[in-house]
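A quick write-up on the structure given underneath.
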Amino acid sequence: MSTTKTTTTTDTKGTTMSTSTTTTTTFTLEQASAGMSSLTGEITARMAGAHSAIVAAEAMGYPRAKPITDALKAFSTAYVRLESLPEPRPFTGDDLMADDWQERLTARTIERETLDARRSMSIDGLREVQRNVFRACVDELDTLGDWLEAWLIEHAEDFAAAEGRTDSSESVARIEAREASLAQFNRAMHSLLRANSKGADSVTDYRARWWLLHSFTPAQWQELEDSTGPQLSTPRPFTLAQHIGATLRLARSYEQPWQDFVAMQQPVEDERIERMFAEQRVSIIGARV
């Protein structure tokens, strides 16, 4: 990507001369977020979370989607065009001492006002193009969630190994690489959850936390409670969930784990209530007899 910077100067005779400097500029997805503070209120939490999730996942090997690539190219082009705008010429001491100094001053004033207006309007355009990068990231959230879930399933052994004792046969490099990849997954996952959440910024309920990476049947949940006690406390939650046969999956928002836990409990609760009413009916009939 080429950036052309035009500089306008005036020699001692008042002749205008322009010089152009061309540099090469390339933009990464991270660089496209530069200047976010100037977009307060325009870049939503969902946009920012989606952008962070894509950046983190790409470091794990997530393939960049074409709409994001196209949006970045458009941002690069818009940035180049903004940077190619000439700077206004200064009003120098020689200009002030010239016989036509008032005409020069008027010309410089008009030039500066015109160039400032052009730059301000171009910045507004650049911000709109920048927002399109974030919008493209939001559109990718569903696909990214599926990809991260597949990554989780593929690397299940690494999650379990991270909870166990260090294998003496593993090299330090292998252990460090595993820790780094799991930490990167954690960054991508929490950015995804944050982008998809409607208000929550974490999973606070100790029961719901089990549902971030797994889903359970009522029988499996009962086995989990029997194994851990009412507080569901264990030093190896991932390993235990795998042991009792829970299904690996990735929640897509901070609210989903609790929602899924409640949904799993509902049939059990409905059955308990129905049983209670049945017992009451039998009791009433017995009393009448």
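Within each chain, counting starts at residue 1; across the structure tokens, chains are named A, B, ... in the order shown, with ligands numbered 1 upward in that order.
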
Contacts of range 67-78 of chain A within 7 Å, only C-alpha atoms, excl. fewer than 6 positions in-chain, as a PyMOL selection string: chain A and resi 27+126+129-130+132-133+136-137

Surrounding residues of range 170-184 of chain A excluding itself and chain neighbours under 3 positions, 9 Å, only C-alpha atoms, as a PyMOL selection string: chain A and resi 56-57+59-60+155+158-159+162+166-167+187-189

Using only C-alpha atoms, which protein or nucleic acid residues come within 8 Å of range 239-245 of chain A? Drop anything in the same chain fewer than 4 positions from it, and give the result as a compact mmCIF listing (two decimals) with all heavy atoms, in the first residue's frame.
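Output contents, as saved in result_36.txt:
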```
# COMPACT_ATOMS: atom_id res chain seq x y z
N ALA A 160 -6.98 -31.21 29.60
CA ALA A 160 -6.87 -32.17 30.70
C ALA A 160 -5.44 -32.21 31.24
O ALA A 160 -5.22 -32.25 32.46
CB ALA A 160 -7.30 -33.55 30.22
N GLU A 163 -4.40 -29.62 33.74
CA GLU A 163 -4.90 -29.78 35.11
C GLU A 163 -4.13 -30.83 35.90
O GLU A 163 -4.23 -30.88 37.12
CB GLU A 163 -6.37 -30.20 35.08
CG GLU A 163 -7.32 -29.13 34.60
CD GLU A 163 -8.76 -29.58 34.64
OE1 GLU A 163 -9.00 -30.82 34.72
OE2 GLU A 163 -9.65 -28.71 34.61
N HIS A 214 -18.71 -27.41 28.69
CA HIS A 214 -19.41 -28.69 28.63
C HIS A 214 -20.92 -28.48 28.75
O HIS A 214 -21.38 -27.45 29.24
CB HIS A 214 -18.97 -29.62 29.79
CG HIS A 214 -17.57 -30.12 29.67
ND1 HIS A 214 -16.50 -29.45 30.23
CD2 HIS A 214 -17.06 -31.24 29.07
CE1 HIS A 214 -15.37 -30.12 29.98
NE2 HIS A 214 -15.69 -31.20 29.28
N GLN A 220 -25.82 -37.04 34.36
CA GLN A 220 -24.41 -36.66 34.47
C GLN A 220 -24.22 -35.58 35.54
O GLN A 220 -23.24 -35.61 36.29
CB GLN A 220 -23.90 -36.15 33.12
CG GLN A 220 -23.77 -37.23 32.07
CD GLN A 220 -23.60 -36.64 30.67
OE1 GLN A 220 -23.80 -35.44 30.45
NE2 GLN A 220 -23.21 -37.50 29.72
N GLU A 223 -24.30 -37.19 38.88
CA GLU A 223 -23.02 -37.87 39.14
C GLU A 223 -21.94 -36.85 39.52
O GLU A 223 -21.10 -37.11 40.40
CB GLU A 223 -22.59 -38.66 37.90
CG GLU A 223 -21.30 -39.47 38.12
CD GLU A 223 -20.92 -40.30 36.91
OE1 GLU A 223 -21.73 -40.40 35.96
OE2 GLU A 223 -19.79 -40.85 36.92
N LEU A 224 -21.98 -35.69 38.88
CA LEU A 224 -21.02 -34.63 39.21
C LEU A 224 -21.21 -34.18 40.65
O LEU A 224 -20.23 -34.04 41.40
CB LEU A 224 -21.21 -33.46 38.25
CG LEU A 224 -20.34 -32.22 38.51
CD1 LEU A 224 -18.87 -32.54 38.27
CD2 LEU A 224 -20.77 -31.06 37.62
```

Point-to-point distance in Å for CA of Glu255 in chain A and CA of Ser227 in chain A: 25.8 Å

Which residues of range 109-175 of chain A sit at most 9 Å from range 85-103 of chain A, using only C-alpha atoms? Give each one's shortest atom pair and distance in Å (one decimal place), in chain and ascending residue order, as a Markdown table.
```
| residue | atom | partner | partner_atom | distance |
| --- | --- | --- | --- | --- |
| A:Thr109 | CA | A:Phe91 | CA | 8.9 |
| A:Glu111 | CA | A:Pro88 | CA | 6.5 |
| A:Arg112 | CA | A:Pro88 | CA | 5.2 |
| A:Glu113 | CA | A:Pro88 | CA | 8.7 |
| A:Thr114 | CA | A:Pro88 | CA | 8.9 |
| A:Leu115 | CA | A:Pro88 | CA | 6.5 |
| A:Asp116 | CA | A:Pro88 | CA | 8.1 |
| A:Arg118 | CA | A:Leu85 | CA | 8.2 |
| A:Arg119 | CA | A:Leu85 | CA | 7.2 |
```

Create the file for the chosen residues now, containing N, CA, C and O atoms and written as a JSON list (two decimals), in the first residue's frame.
```
[["chain", "number", "residue", "atom", "x", "y", "z"],
["A", 109, "THR", "N", -5.19, 32.18, 3.89],
["A", 109, "THR", "CA", -6.34, 31.95, 4.79],
["A", 109, "THR", "C", -7.38, 31.07, 4.12],
["A", 109, "THR", "O", -7.88, 30.10, 4.71],
["A", 111, "GLU", "N", -6.88, 29.10, 1.61],
["A", 111, "GLU", "CA", -6.27, 27.78, 1.39],
["A", 111, "GLU", "C", -6.33, 26.93, 2.66],
["A", 111, "GLU", "O", -6.70, 25.75, 2.62],
["A", 112, "ARG", "N", -5.97, 27.54, 3.79],
["A", 112, "ARG", "CA", -5.97, 26.79, 5.05],
["A", 112, "ARG", "C", -7.39, 26.35, 5.41],
["A", 112, "ARG", "O", -7.61, 25.21, 5.82],
["A", 113, "GLU", "N", -8.36, 27.25, 5.29],
["A", 113, "GLU", "CA", -9.73, 26.89, 5.63],
["A", 113, "GLU", "C", -10.24, 25.77, 4.73],
["A", 113, "GLU", "O", -10.91, 24.84, 5.20],
["A", 114, "THR", "N", -9.88, 25.85, 3.45],
["A", 114, "THR", "CA", -10.32, 24.82, 2.51],
["A", 114, "THR", "C", -9.68, 23.47, 2.83],
["A", 114, "THR", "O", -10.36, 22.43, 2.89],
["A", 115, "LEU", "N", -8.37, 23.47, 3.06],
["A", 115, "LEU", "CA", -7.67, 22.22, 3.36],
["A", 115, "LEU", "C", -8.11, 21.63, 4.69],
["A", 115, "LEU", "O", -8.24, 20.41, 4.83],
["A", 116, "ASP", "N", -8.32, 22.50, 5.69],
["A", 116, "ASP", "CA", -8.79, 22.00, 6.98],
["A", 116, "ASP", "C", -10.17, 21.36, 6.85],
["A", 116, "ASP", "O", -10.45, 20.31, 7.46],
["A", 118, "ARG", "N", -11.43, 20.01, 4.12],
["A", 118, "ARG", "CA", -11.27, 18.76, 3.37],
["A", 118, "ARG", "C", -10.74, 17.65, 4.28],
["A", 118, "ARG", "O", -11.20, 16.50, 4.20],
["A", 119, "ARG", "N", -9.78, 17.98, 5.13],
["A", 119, "ARG", "CA", -9.23, 16.97, 6.03],
["A", 119, "ARG", "C", -10.27, 16.51, 7.05],
["A", 119, "ARG", "O", -10.40, 15.32, 7.33]]
```

Interatomic distance (Å, one decimal) between CA of Ala195 in chain A and CA of Ala156 in chain A: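 Computing the Euclidean distance for CA of Ala195 in chain A and CA of Ala156 in chain A yields 24.2 Å.
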
Determine which residues of range 67-285 of chain A receive a DSSP assignment of strand (DSSP E), computed from the backbone, and state them as a PDB file with C-alpha atoms, in the first residue's frame.
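As written to disk, part23.pdb reads:
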```
ATOM      1  CA  HIS A 214     -19.413 -28.695  28.634  1.00  0.00           C
ATOM      2  CA  SER A 215     -23.097 -29.564  28.636  1.00  0.00           C
ATOM      3  CA  THR A 247     -20.388 -33.189  26.053  1.00  0.00           C
ATOM      4  CA  LEU A 248     -17.632 -30.789  25.049  1.00  0.00           C
TER       5      LEU A 248
END
```

Residues within 12 Å of range 256-266 of chain A, only C-alpha atoms, excluding chain neighbours under 3 positions, as a PyMOL selection string: chain A and resi 193-194+196-198+200+202-222+249-253+269-273

For the selection you just gave me, I'd like the residues written to a file as a short mmCIF file (atom, residue, chain, number, x, y, z; two decimals), in the first residue's frame, keeping N, CA and C atoms.
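Saved result, selection-v1.cif, follows:
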```cif
data_model
loop_
_atom_site.label_atom_id
_atom_site.label_comp_id
_atom_site.auth_asym_id
_atom_site.auth_seq_id
_atom_site.Cartn_x
_atom_site.Cartn_y
_atom_site.Cartn_z
N LEU A 193 -17.34 -14.31 24.13
CA LEU A 193 -18.42 -14.26 25.11
C LEU A 193 -18.84 -12.83 25.39
N ARG A 194 -17.84 -11.95 25.50
CA ARG A 194 -18.13 -10.54 25.77
C ARG A 194 -18.89 -9.90 24.61
N ASN A 196 -20.90 -11.37 22.52
CA ASN A 196 -22.25 -11.93 22.39
C ASN A 196 -23.13 -11.70 23.60
N SER A 197 -22.57 -11.18 24.69
CA SER A 197 -23.34 -11.01 25.93
C SER A 197 -24.13 -9.71 25.90
N LYS A 198 -25.23 -9.71 26.61
CA LYS A 198 -26.11 -8.53 26.62
C LYS A 198 -25.90 -7.65 27.85
N ALA A 200 -23.79 -9.16 30.91
CA ALA A 200 -22.87 -9.86 31.82
C ALA A 200 -21.44 -9.77 31.29
N SER A 202 -19.00 -11.80 32.96
CA SER A 202 -18.36 -13.00 33.49
C SER A 202 -19.44 -13.99 33.88
N VAL A 203 -19.02 -15.22 34.21
CA VAL A 203 -19.94 -16.23 34.73
C VAL A 203 -19.66 -16.34 36.22
N THR A 204 -20.58 -15.86 37.03
CA THR A 204 -20.32 -15.79 38.48
C THR A 204 -20.84 -16.99 39.24
N ASP A 205 -21.91 -17.63 38.79
CA ASP A 205 -22.49 -18.74 39.52
C ASP A 205 -21.58 -19.97 39.42
N TYR A 206 -21.27 -20.60 40.55
CA TYR A 206 -20.32 -21.71 40.56
C TYR A 206 -20.84 -22.91 39.79
N ARG A 207 -22.17 -23.05 39.69
CA ARG A 207 -22.72 -24.15 38.90
C ARG A 207 -22.61 -23.85 37.41
N ALA A 208 -22.89 -22.61 37.04
CA ALA A 208 -22.88 -22.24 35.62
C ALA A 208 -21.49 -22.33 35.01
N ARG A 209 -20.46 -22.11 35.84
CA ARG A 209 -19.09 -22.15 35.29
C ARG A 209 -18.77 -23.51 34.68
N TRP A 210 -19.41 -24.57 35.16
CA TRP A 210 -19.18 -25.89 34.59
C TRP A 210 -19.70 -25.98 33.16
N TRP A 211 -20.60 -25.08 32.80
CA TRP A 211 -21.26 -25.14 31.50
C TRP A 211 -20.57 -24.28 30.45
N LEU A 212 -19.43 -23.68 30.78
CA LEU A 212 -18.71 -22.90 29.78
C LEU A 212 -18.17 -23.80 28.66
N LEU A 213 -17.62 -24.93 29.04
CA LEU A 213 -16.96 -25.81 28.06
C LEU A 213 -17.65 -27.17 27.92
N HIS A 214 -18.71 -27.41 28.69
CA HIS A 214 -19.41 -28.69 28.63
C HIS A 214 -20.92 -28.48 28.75
N SER A 215 -21.67 -29.49 28.33
CA SER A 215 -23.10 -29.56 28.64
C SER A 215 -23.35 -30.92 29.29
N PHE A 216 -24.35 -30.97 30.16
CA PHE A 216 -24.61 -32.16 30.97
C PHE A 216 -26.06 -32.61 30.84
N THR A 217 -26.26 -33.92 30.96
CA THR A 217 -27.60 -34.46 31.12
C THR A 217 -27.92 -34.44 32.62
N PRO A 218 -29.18 -34.57 33.01
CA PRO A 218 -29.50 -34.62 34.45
C PRO A 218 -28.74 -35.72 35.18
N ALA A 219 -28.61 -36.89 34.53
CA ALA A 219 -27.89 -38.00 35.18
C ALA A 219 -26.42 -37.66 35.37
N GLN A 220 -25.82 -37.04 34.36
CA GLN A 220 -24.41 -36.66 34.47
C GLN A 220 -24.22 -35.58 35.54
N TRP A 221 -25.17 -34.66 35.62
CA TRP A 221 -25.07 -33.60 36.63
C TRP A 221 -25.19 -34.19 38.04
N GLN A 222 -26.07 -35.17 38.20
CA GLN A 222 -26.21 -35.83 39.49
C GLN A 222 -24.93 -36.54 39.86
N ARG A 249 -18.44 -28.61 24.54
CA ARG A 249 -19.03 -27.57 23.70
C ARG A 249 -18.52 -26.22 24.22
N LEU A 250 -18.69 -25.19 23.44
CA LEU A 250 -18.27 -23.86 23.86
C LEU A 250 -19.49 -22.96 23.95
N ALA A 251 -19.73 -22.40 25.14
CA ALA A 251 -20.82 -21.43 25.29
C ALA A 251 -20.50 -20.22 24.43
N ARG A 252 -21.53 -19.54 23.95
CA ARG A 252 -21.33 -18.41 23.04
C ARG A 252 -21.52 -17.06 23.71
N SER A 253 -21.97 -17.04 24.96
CA SER A 253 -22.12 -15.79 25.70
C SER A 253 -21.97 -16.09 27.19
N GLU A 269 -37.29 -30.53 37.64
CA GLU A 269 -38.16 -29.76 38.52
C GLU A 269 -39.63 -30.01 38.18
N ASP A 270 -39.93 -30.06 36.87
CA ASP A 270 -41.31 -30.33 36.45
C ASP A 270 -41.77 -31.70 36.95
N GLU A 271 -40.89 -32.68 36.87
CA GLU A 271 -41.22 -34.03 37.33
C GLU A 271 -41.46 -34.04 38.84
N ARG A 272 -40.63 -33.28 39.58
CA ARG A 272 -40.78 -33.23 41.04
C ARG A 272 -42.12 -32.60 41.42
N ILE A 273 -42.46 -31.51 40.70
CA ILE A 273 -43.73 -30.84 41.00
C ILE A 273 -44.91 -31.75 40.66
#
```
